[in-house]
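S.K.: work-v5.pdb is reproduced below (PDB, N, CA and C atoms and all ligand atoms).
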MODEL        1
ATOM      1  N   MET U   1      16.178 -22.192 -11.630
ATOM      2  CA  MET U   1      15.235 -21.255 -11.010
ATOM      3  C   MET U   1      14.934 -21.692  -9.582
ATOM      4  N   ASN U   2      14.887 -20.722  -8.732
ATOM      5  CA  ASN U   2      14.612 -21.017  -7.325
ATOM      6  C   ASN U   2      13.120 -20.834  -7.036
ATOM      7  N   ASN U   3      12.448 -21.933  -6.761
ATOM      8  CA  ASN U   3      11.007 -21.877  -6.512
ATOM      9  C   ASN U   3      10.658 -21.772  -5.042
ATOM     10  N   MET U   4      11.645 -21.785  -4.201
ATOM     11  CA  MET U   4      11.350 -21.791  -2.774
ATOM     12  C   MET U   4      11.042 -20.384  -2.283
ATOM     13  N   ALA U   5       9.952 -20.271  -1.591
ATOM     14  CA  ALA U   5       9.599 -18.990  -0.982
ATOM     15  C   ALA U   5      10.369 -18.856   0.319
ATOM     16  N   VAL U   6      10.898 -17.687   0.538
ATOM     17  CA  VAL U   6      11.574 -17.423   1.797
ATOM     18  C   VAL U   6      10.606 -16.679   2.699
ATOM     19  N   LEU U   7      10.222 -17.330   3.764
ATOM     20  CA  LEU U   7       9.285 -16.720   4.692
ATOM     21  C   LEU U   7      10.042 -16.034   5.814
ATOM     22  N   ARG U   8       9.596 -14.836   6.123
ATOM     23  CA  ARG U   8      10.210 -14.076   7.206
ATOM     24  C   ARG U   8       9.100 -13.491   8.064
ATOM     25  N   GLU U   9       9.478 -13.146   9.291
ATOM     26  CA  GLU U   9       8.485 -12.513  10.146
ATOM     27  C   GLU U   9       8.609 -11.003  10.015
ATOM     28  N   PHE U  10       7.459 -10.360   9.836
ATOM     29  CA  PHE U  10       7.408  -8.910   9.746
ATOM     30  C   PHE U  10       6.505  -8.390  10.848
ATOM     31  N   LYS U  11       6.873  -7.223  11.349
ATOM     32  CA  LYS U  11       6.092  -6.634  12.424
ATOM     33  C   LYS U  11       5.836  -5.173  12.107
ATOM     34  N   CYS U  12       4.607  -4.743  12.389
ATOM     35  CA  CYS U  12       4.231  -3.354  12.132
ATOM     36  C   CYS U  12       4.891  -2.439  13.156
ATOM     37  N   LYS U  13       5.485  -1.362  12.653
ATOM     38  CA  LYS U  13       6.165  -0.412  13.545
ATOM     39  C   LYS U  13       5.165   0.402  14.347
ATOM     40  N   GLN U  14       3.909   0.483  13.867
ATOM     41  CA  GLN U  14       2.909   1.304  14.559
ATOM     42  C   GLN U  14       2.080   0.513  15.560
ATOM     43  N   CYS U  15       1.480  -0.610  15.093
ATOM     44  CA  CYS U  15       0.541  -1.315  15.974
ATOM     45  C   CYS U  15       1.080  -2.651  16.464
ATOM     46  N   GLY U  16       2.219  -3.081  15.937
ATOM     47  CA  GLY U  16       2.812  -4.315  16.423
ATOM     48  C   GLY U  16       2.259  -5.582  15.808
ATOM     49  N   TYR U  17       1.349  -5.432  14.828
ATOM     50  CA  TYR U  17       0.787  -6.605  14.156
ATOM     51  C   TYR U  17       1.916  -7.381  13.459
ATOM     52  N   ALA U  18       1.984  -8.668  13.732
ATOM     53  CA  ALA U  18       3.072  -9.480  13.190
ATOM     54  C   ALA U  18       2.536 -10.543  12.249
ATOM     55  N   VAL U  19       3.217 -10.733  11.143
ATOM     56  CA  VAL U  19       2.842 -11.777  10.187
ATOM     57  C   VAL U  19       4.102 -12.493   9.710
ATOM     58  N   VAL U  20       3.922 -13.723   9.318
ATOM     59  CA  VAL U  20       4.983 -14.455   8.641
ATOM     60  C   VAL U  20       4.614 -14.473   7.167
ATOM     61  N   ALA U  21       5.470 -13.878   6.359
ATOM     62  CA  ALA U  21       5.124 -13.715   4.954
ATOM     63  C   ALA U  21       6.380 -13.744   4.099
ATOM     64  N   SER U  22       6.142 -13.879   2.813
ATOM     65  CA  SER U  22       7.216 -13.798   1.844
ATOM     66  C   SER U  22       7.324 -12.362   1.344
ATOM     67  N   THR U  23       8.501 -11.962   0.901
ATOM     68  CA  THR U  23       8.650 -10.605   0.368
ATOM     69  C   THR U  23       8.122 -10.517  -1.058
ATOM     70  N   THR U  24       7.860 -11.650  -1.680
ATOM     71  CA  THR U  24       7.359 -11.644  -3.050
ATOM     72  C   THR U  24       5.848 -11.844  -3.044
ATOM     73  N   PRO U  25       5.107 -11.229  -3.992
ATOM     74  CA  PRO U  25       3.645 -11.322  -3.981
ATOM     75  C   PRO U  25       3.114 -12.691  -4.377
ATOM     76  N   TYR U  26       3.953 -13.513  -4.970
ATOM     77  CA  TYR U  26       3.478 -14.837  -5.354
ATOM     78  C   TYR U  26       4.647 -15.816  -5.365
ATOM     79  N   THR U  27       4.285 -17.085  -5.342
ATOM     80  CA  THR U  27       5.272 -18.144  -5.376
ATOM     81  C   THR U  27       4.976 -19.020  -6.582
ATOM     82  N   VAL U  28       5.995 -19.289  -7.376
ATOM     83  CA  VAL U  28       5.804 -20.147  -8.542
ATOM     84  C   VAL U  28       6.132 -21.582  -8.131
ATOM     85  N   LEU U  29       5.143 -22.432  -8.268
ATOM     86  CA  LEU U  29       5.305 -23.839  -7.931
ATOM     87  C   LEU U  29       5.197 -24.662  -9.205
ATOM     88  N   LEU U  30       5.529 -25.912  -9.106
ATOM     89  CA  LEU U  30       5.390 -26.786 -10.268
ATOM     90  C   LEU U  30       3.929 -26.890 -10.690
ATOM     91  N   SER U  31       3.032 -26.817  -9.717
ATOM     92  CA  SER U  31       1.607 -26.967  -9.997
ATOM     93  C   SER U  31       0.957 -25.664 -10.451
ATOM     94  N   GLY U  32       1.649 -24.545 -10.344
ATOM     95  CA  GLY U  32       1.063 -23.269 -10.725
ATOM     96  C   GLY U  32       1.582 -22.136  -9.865
ATOM     97  N   VAL U  33       0.753 -21.124  -9.748
ATOM     98  CA  VAL U  33       1.157 -19.923  -9.021
ATOM     99  C   VAL U  33       0.311 -19.771  -7.763
ATOM    100  N   ASP U  34       0.974 -19.540  -6.662
ATOM    101  CA  ASP U  34       0.301 -19.236  -5.408
ATOM    102  C   ASP U  34       0.476 -17.756  -5.120
ATOM    103  N   ALA U  35      -0.626 -17.040  -5.011
ATOM    104  CA  ALA U  35      -0.539 -15.628  -4.668
ATOM    105  C   ALA U  35      -0.585 -15.473  -3.149
ATOM    106  N   GLN U  36       0.149 -14.503  -2.657
ATOM    107  CA  GLN U  36       0.130 -14.201  -1.228
ATOM    108  C   GLN U  36      -0.830 -13.046  -0.997
ATOM    109  N   CYS U  37      -1.855 -13.281  -0.214
ATOM    110  CA  CYS U  37      -2.889 -12.271   0.005
ATOM    111  C   CYS U  37      -3.127 -12.093   1.491
ATOM    112  N   TYR U  38      -3.741 -10.941   1.814
ATOM    113  CA  TYR U  38      -4.177 -10.740   3.191
ATOM    114  C   TYR U  38      -5.685 -10.851   3.229
ATOM    115  N   CYS U  39      -6.215 -11.718   4.093
ATOM    116  CA  CYS U  39      -7.657 -11.854   4.272
ATOM    117  C   CYS U  39      -8.051 -11.189   5.584
ATOM    118  N   GLY U  40      -8.866 -10.144   5.482
ATOM    119  CA  GLY U  40      -9.289  -9.425   6.671
ATOM    120  C   GLY U  40     -10.227 -10.236   7.547
ATOM    121  N   LYS U  41     -10.969 -11.170   6.938
ATOM    122  CA  LYS U  41     -11.910 -11.976   7.707
ATOM    123  C   LYS U  41     -11.167 -13.056   8.495
ATOM    124  N   CYS U  42     -10.235 -13.723   7.838
ATOM    125  CA  CYS U  42      -9.432 -14.739   8.534
ATOM    126  C   CYS U  42      -8.359 -14.073   9.402
ATOM    127  N   ASP U  43      -8.107 -12.780   9.129
ATOM    128  CA  ASP U  43      -7.121 -12.014   9.867
ATOM    129  C   ASP U  43      -5.726 -12.621   9.753
ATOM    130  N   LYS U  44      -5.395 -13.035   8.545
ATOM    131  CA  LYS U  44      -4.042 -13.556   8.351
ATOM    132  C   LYS U  44      -3.658 -13.547   6.876
ATOM    133  N   ILE U  45      -2.396 -13.825   6.648
ATOM    134  CA  ILE U  45      -1.893 -13.958   5.292
ATOM    135  C   ILE U  45      -2.324 -15.317   4.766
ATOM    136  N   VAL U  46      -2.934 -15.329   3.600
ATOM    137  CA  VAL U  46      -3.379 -16.590   3.020
ATOM    138  C   VAL U  46      -2.754 -16.787   1.644
ATOM    139  N   LYS U  47      -2.600 -18.047   1.298
ATOM    140  CA  LYS U  47      -2.126 -18.381  -0.044
ATOM    141  C   LYS U  47      -3.340 -18.698  -0.901
ATOM    142  N   VAL U  48      -3.395 -18.092  -2.070
ATOM    143  CA  VAL U  48      -4.497 -18.343  -2.978
ATOM    144  C   VAL U  48      -3.922 -18.861  -4.293
ATOM    145  N   THR U  49      -4.444 -19.992  -4.730
ATOM    146  CA  THR U  49      -3.983 -20.547  -5.995
ATOM    147  C   THR U  49      -4.446 -19.643  -7.132
ATOM    148  N   ALA U  50      -3.493 -19.164  -7.906
ATOM    149  CA  ALA U  50      -3.808 -18.183  -8.941
ATOM    150  C   ALA U  50      -3.793 -18.794 -10.346
ATOM    151  N   GLY U  51      -3.667 -20.091 -10.441
ATOM    152  CA  GLY U  51      -3.703 -20.735 -11.746
ATOM    153  C   GLY U  51      -2.369 -21.323 -12.155
ATOM    154  N   GLU U  52      -2.360 -21.864 -13.347
ATOM    155  CA  GLU U  52      -1.171 -22.582 -13.804
ATOM    156  C   GLU U  52      -0.252 -21.734 -14.663
ATOM    157  N   ASN U  53      -0.740 -20.592 -15.106
ATOM    158  CA  ASN U  53       0.060 -19.735 -15.963
ATOM    159  C   ASN U  53       0.938 -18.830 -15.101
ATOM    160  N   TYR U  54       2.232 -19.123 -15.063
ATOM    161  CA  TYR U  54       3.101 -18.355 -14.183
ATOM    162  C   TYR U  54       3.538 -17.027 -14.781
ATOM    163  N   GLN U  55       3.017 -16.708 -15.960
ATOM    164  CA  GLN U  55       3.339 -15.397 -16.534
ATOM    165  C   GLN U  55       2.233 -14.376 -16.284
ATOM    166  N   ILE U  56       1.162 -14.813 -15.607
ATOM    167  CA  ILE U  56       0.088 -13.872 -15.323
ATOM    168  C   ILE U  56       0.523 -12.866 -14.270
ATOM    169  N   ASP U  57      -0.118 -11.724 -14.294
ATOM    170  CA  ASP U  57       0.136 -10.695 -13.301
ATOM    171  C   ASP U  57      -0.852 -10.912 -12.158
ATOM    172  N   VAL U  58      -0.373 -11.513 -11.078
ATOM    173  CA  VAL U  58      -1.279 -11.884  -9.984
ATOM    174  C   VAL U  58      -1.924 -10.665  -9.326
ATOM    175  N   THR U  59      -1.284  -9.503  -9.443
ATOM    176  CA  THR U  59      -1.851  -8.318  -8.801
ATOM    177  C   THR U  59      -3.112  -7.843  -9.523
ATOM    178  N   ARG U  60      -3.352  -8.342 -10.740
ATOM    179  CA  ARG U  60      -4.524  -7.924 -11.501
ATOM    180  C   ARG U  60      -5.676  -8.915 -11.400
ATOM    181  N   LEU U  61      -5.446 -10.039 -10.755
ATOM    182  CA  LEU U  61      -6.484 -11.059 -10.667
ATOM    183  C   LEU U  61      -7.497 -10.735  -9.577
ATOM    184  N   ASN U  62      -8.706 -11.219  -9.768
ATOM    185  CA  ASN U  62      -9.712 -11.160  -8.721
ATOM    186  C   ASN U  62      -9.595 -12.446  -7.916
ATOM    187  N   LEU U  63      -8.994 -12.341  -6.767
ATOM    188  CA  LEU U  63      -8.748 -13.520  -5.951
ATOM    189  C   LEU U  63      -9.667 -13.510  -4.746
ATOM    190  N   SER U  64      -9.974 -14.694  -4.262
ATOM    191  CA  SER U  64     -10.734 -14.761  -3.019
ATOM    192  C   SER U  64     -10.126 -15.807  -2.104
ATOM    193  N   CYS U  65     -10.294 -15.559  -0.822
ATOM    194  CA  CYS U  65      -9.733 -16.435   0.200
ATOM    195  C   CYS U  65     -10.292 -17.844   0.037
ATOM    196  N   GLU U  66      -9.414 -18.829   0.057
ATOM    197  CA  GLU U  66      -9.864 -20.203  -0.152
ATOM    198  C   GLU U  66     -10.526 -20.781   1.091
ATOM    199  N   THR U  67     -10.401 -20.102   2.204
ATOM    200  CA  THR U  67     -11.026 -20.578   3.433
ATOM    201  C   THR U  67     -12.425 -19.999   3.608
ATOM    202  N   CYS U  68     -12.575 -18.679   3.423
ATOM    203  CA  CYS U  68     -13.853 -18.043   3.742
ATOM    204  C   CYS U  68     -14.523 -17.399   2.530
ATOM    205  N   GLY U  69     -13.835 -17.315   1.403
ATOM    206  CA  GLY U  69     -14.451 -16.780   0.194
ATOM    207  C   GLY U  69     -14.456 -15.270   0.061
ATOM    208  N   THR U  70     -13.880 -14.577   1.025
ATOM    209  CA  THR U  70     -13.813 -13.121   0.972
ATOM    210  C   THR U  70     -12.840 -12.681  -0.133
ATOM    211  N   PRO U  71     -13.223 -11.667  -0.922
ATOM    212  CA  PRO U  71     -12.275 -11.156  -1.921
ATOM    213  C   PRO U  71     -11.005 -10.626  -1.245
ATOM    214  N   VAL U  72      -9.881 -11.008  -1.758
ATOM    215  CA  VAL U  72      -8.615 -10.594  -1.153
ATOM    216  C   VAL U  72      -7.711  -9.991  -2.219
ATOM    217  N   LYS U  73      -6.756  -9.218  -1.748
ATOM    218  CA  LYS U  73      -5.780  -8.611  -2.645
ATOM    219  C   LYS U  73      -4.396  -9.159  -2.340
ATOM    220  N   VAL U  74      -3.584  -9.177  -3.365
ATOM    221  CA  VAL U  74      -2.195  -9.589  -3.191
ATOM    222  C   VAL U  74      -1.515  -8.632  -2.227
ATOM    223  N   TRP U  75      -0.740  -9.168  -1.335
ATOM    224  CA  TRP U  75      -0.106  -8.344  -0.311
ATOM    225  C   TRP U  75       1.368  -8.725  -0.143
ATOM    226  N   THR U  76       2.196  -7.717  -0.029
ATOM    227  CA  THR U  76       3.592  -7.925   0.355
ATOM    228  C   THR U  76       3.898  -6.949   1.492
ATOM    229  N   PRO U  77       4.891  -7.274   2.309
ATOM    230  CA  PRO U  77       5.192  -6.422   3.470
ATOM    231  C   PRO U  77       5.485  -4.966   3.109
ATOM    232  N   ASP U  78       6.024  -4.714   1.922
ATOM    233  CA  ASP U  78       6.341  -3.314   1.584
ATOM    234  C   ASP U  78       5.092  -2.497   1.270
ATOM    235  N   MET U  79       3.914  -3.148   1.214
ATOM    236  CA  MET U  79       2.669  -2.407   1.041
ATOM    237  C   MET U  79       2.172  -1.824   2.365
ATOM    238  N   GLY U  80       2.804  -2.202   3.443
ATOM    239  CA  GLY U  80       2.420  -1.667   4.737
ATOM    240  C   GLY U  80       1.502  -2.604   5.491
ATOM    241  N   CYS U  81       1.288  -2.264   6.743
ATOM    242  CA  CYS U  81       0.484  -3.090   7.642
ATOM    243  C   CYS U  81      -0.951  -3.225   7.142
ATOM    244  N   PRO U  82      -1.462  -4.461   7.044
ATOM    245  CA  PRO U  82      -2.852  -4.634   6.617
ATOM    246  C   PRO U  82      -3.860  -4.113   7.627
ATOM    247  N   LYS U  83      -3.431  -3.905   8.854
ATOM    248  CA  LYS U  83      -4.311  -3.410   9.910
ATOM    249  C   LYS U  83      -4.395  -1.891   9.919
ATOM    250  N   CYS U  84      -3.242  -1.224   9.927
ATOM    251  CA  CYS U  84      -3.247   0.223  10.141
ATOM    252  C   CYS U  84      -2.523   0.996   9.053
ATOM    253  N   GLY U  85      -1.898   0.297   8.118
ATOM    254  CA  GLY U  85      -1.190   0.986   7.045
ATOM    255  C   GLY U  85       0.207   1.432   7.406
ATOM    256  N   GLY U  86       0.644   1.116   8.612
ATOM    257  CA  GLY U  86       1.981   1.496   9.053
ATOM    258  C   GLY U  86       3.057   0.674   8.356
ATOM    259  N   GLY U  87       4.288   1.078   8.541
ATOM    260  CA  GLY U  87       5.401   0.387   7.916
ATOM    261  C   GLY U  87       5.695  -0.937   8.608
ATOM    262  N   MET U  88       5.984  -1.957   7.806
ATOM    263  CA  MET U  88       6.348  -3.246   8.369
ATOM    264  C   MET U  88       7.864  -3.346   8.416
ATOM    265  N   LYS U  89       8.365  -3.892   9.509
ATOM    266  CA  LYS U  89       9.800  -4.114   9.542
ATOM    267  C   LYS U  89      10.101  -5.592   9.767
ATOM    268  N   MET U  90      11.159  -6.022   9.109
ATOM    269  CA  MET U  90      11.519  -7.415   9.204
ATOM    270  C   MET U  90      12.071  -7.706  10.594
ATOM    271  N   VAL U  91      11.584  -8.775  11.191
ATOM    272  CA  VAL U  91      12.053  -9.157  12.513
ATOM    273  C   VAL U  91      13.207 -10.136  12.338
ATOM    274  N   GLU U  92      14.328  -9.756  12.868
ATOM    275  CA  GLU U  92      15.484 -10.646  12.750
ATOM    276  C   GLU U  92      15.301 -11.816  13.692
ATOM    277  N   SER U  93      15.679 -12.973  13.219
ATOM    278  CA  SER U  93      15.598 -14.153  14.063
ATOM    279  C   SER U  93      16.862 -14.260  14.880
ATOM    280  N   ILE U  94      16.755 -13.823  16.114
ATOM    281  CA  ILE U  94      17.908 -13.855  16.985
ATOM    282  C   ILE U  94      17.684 -14.936  18.038
ATOM    283  N   ILE U  95      18.605 -15.836  18.140
ATOM    284  CA  ILE U  95      18.474 -16.914  19.127
ATOM    285  C   ILE U  95      19.353 -16.588  20.308
ATOM    286  N   HIS U  96      18.719 -16.486  21.452
ATOM    287  CA  HIS U  96      19.452 -16.197  22.689
ATOM    288  C   HIS U  96      19.810 -17.489  23.407
ATOM    289  N   PHE U  97      21.041 -17.582  23.830
ATOM    290  CA  PHE U  97      21.472 -18.776  24.569
ATOM    291  C   PHE U  97      21.569 -18.474  26.052
TER     292      PHE U  97
HETATM  293 ZN    ZN S   1      -0.124  -1.806  11.978
HETATM  294 ZN    ZN S   2     -10.420 -15.735   4.656
ENDMDL
END
Go ahead and render the structure in this file as structure tokens.
Ligand SMILES: [Zn+2]
Ligand SMILES: [Zn+2]
M.R.:
Amino acid sequence: MNNMAVLREFKCKQCGYAVVASTTPYTVLLSGVDAQCYCGKCDKIVKVTAGENYQIDVTRLNLSCETCGTPVKVWTPDMGCPKCGGGMKMVESIIHF
């Protein structure tokens, strides 16, 4: 099983808001499950520890930001921009020489 989260940069097609996020709503680690959430107060994607049971449905949990305590929801780029609801597009990593 591959436990490594692949992080990519996504950018909103409407407002240009950019985030580095995983395409999956959670990451399964040896220590448990990390849910990927958007915190409007911290204004960024945050990881929230969702417990040790990796068979739980993280989208149904009541999660809160571990930094500021604000209730947060699981977020993936295909849910759209957390700022304006616009479509997110993956930013290709192009290295110019
Ligand atoms: Zn946007
Ligand atoms: Zn927060």
S.K.: Once the PyMOL selection byres (((chain U and resi 8-12) around 6) and not hetatm) has been evaluated on this model, what residues remain selected, and can you format them as a count of residues only?
M.R.: 19
S.K.: Within 6 Å of ligand ZN 2 (chain S), which residues show up when you count only C-alpha atoms and all ligand atoms? List them as a list in words, please.
M.R.: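 What falls inside 6 Å of ligand ZN 2 (chain S) is Cys39, Lys41, Cys42, Cys65, Thr67, Cys68 and Thr70 of chain U.
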S.K.: Rank U:Leu61, U:Val74, U:Ile56, U:Met79 by their smallest atom-to-atom distance to U:Ala35, using only N, CA and C atoms, and report the top residue only.
M.R.: U:Val74
S.K.: What separation in Å, quoted to one decimal, exists between atom C of U:Ala50 and atom N of U:Trp75?
M.R.: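 Atom N of U:Trp75 lies 13.5 Å from atom C of U:Ala50.
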S.K.: Have a look at atom N of U:Gly51 and atom C of U:Tyr26 and let me know their distance in Å, one decimal.
M.R.: 10.6 Å
S.K.: Rounded to one decimal, what separation in Å do you get between atom C of U:Asp34 and atom N of U:Gly69?
M.R.: 15.7 Å
S.K.: Just list as an NGL selection string whatever in chain U DSSP marks as strand (DSSP E).
M.R.: :U and (7-12 or 18-22 or 26-29 or 32-39 or 44-51 or 63-64 or 71-74 or 88-90)
S.K.: Produce the centre coordinates and the three edge lengths, each in Å to one decimal, of the box along x, y and z that contains all listed atoms of stretch 78-81 of chain U with 5 Å added on each side, as JSON.
M.R.:
{"center_x": 2.7, "center_y": -3.2, "center_z": 4.3, "size_x": 17.3, "size_y": 13.0, "size_z": 16.6}
S.K.: Please determine, counting all atoms listed in the file, which residue among U:Asn53, U:Val58, U:Val72, U:Pro25 has the shortest atom-to-atom distance to U:Tyr38.
M.R.: U:Val72
S.K.: For this file, the PyMOL selection byres (((chain U and resi 47) around 5) and not hetatm) selects which residues, as a short mmCIF file (atom, residue, chain, number, x, y, z; two decimals) with N, CA and C atoms, in the coordinates of the input?
M.R.:
data_model
loop_
_atom_site.label_atom_id
_atom_site.label_comp_id
_atom_site.auth_asym_id
_atom_site.auth_seq_id
_atom_site.Cartn_x
_atom_site.Cartn_y
_atom_site.Cartn_z
N ALA U 35 -0.63 -17.04 -5.01
CA ALA U 35 -0.54 -15.63 -4.67
C ALA U 35 -0.58 -15.47 -3.15
N GLN U 36 0.15 -14.50 -2.66
CA GLN U 36 0.13 -14.20 -1.23
C GLN U 36 -0.83 -13.05 -1.00
N ILE U 45 -2.40 -13.82 6.65
CA ILE U 45 -1.89 -13.96 5.29
C ILE U 45 -2.32 -15.32 4.77
N VAL U 46 -2.93 -15.33 3.60
CA VAL U 46 -3.38 -16.59 3.02
C VAL U 46 -2.75 -16.79 1.64
N VAL U 48 -3.40 -18.09 -2.07
CA VAL U 48 -4.50 -18.34 -2.98
C VAL U 48 -3.92 -18.86 -4.29
N THR U 49 -4.44 -19.99 -4.73
CA THR U 49 -3.98 -20.55 -6.00
C THR U 49 -4.45 -19.64 -7.13
#
S.K.: In terms of the shortest atom-to-atom distance over all atoms listed in the file, which of U:Glu92, U:Gly40, U:Gly32, U:Cys84 is closest to U:Pro71?
M.R.: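 With all atoms listed in the file as the atom set, the closest residue is U:Gly40.
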S.K.: Could you give me the residues within chain U that DSSP places in helix (DSSP H, G or I), as number ranges by chain?
M.R.: U: 58-60, 77-79
S.K.: Between U:Lys73, U:Thr24, U:Asp78, U:Val33, which is the closest to U:Tyr54 once you count all atoms listed in the file?
M.R.: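 Among U:Lys73, U:Thr24, U:Asp78, U:Val33, it is U:Val33 that comes nearest to U:Tyr54.
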S.K.: Looking at all atoms listed in the file, which of U:Pro82, U:Asp43, U:Thr23, U:Leu30 is the one that sits closest to ligand ZN 1 (chain S)?
M.R.: U:Pro82
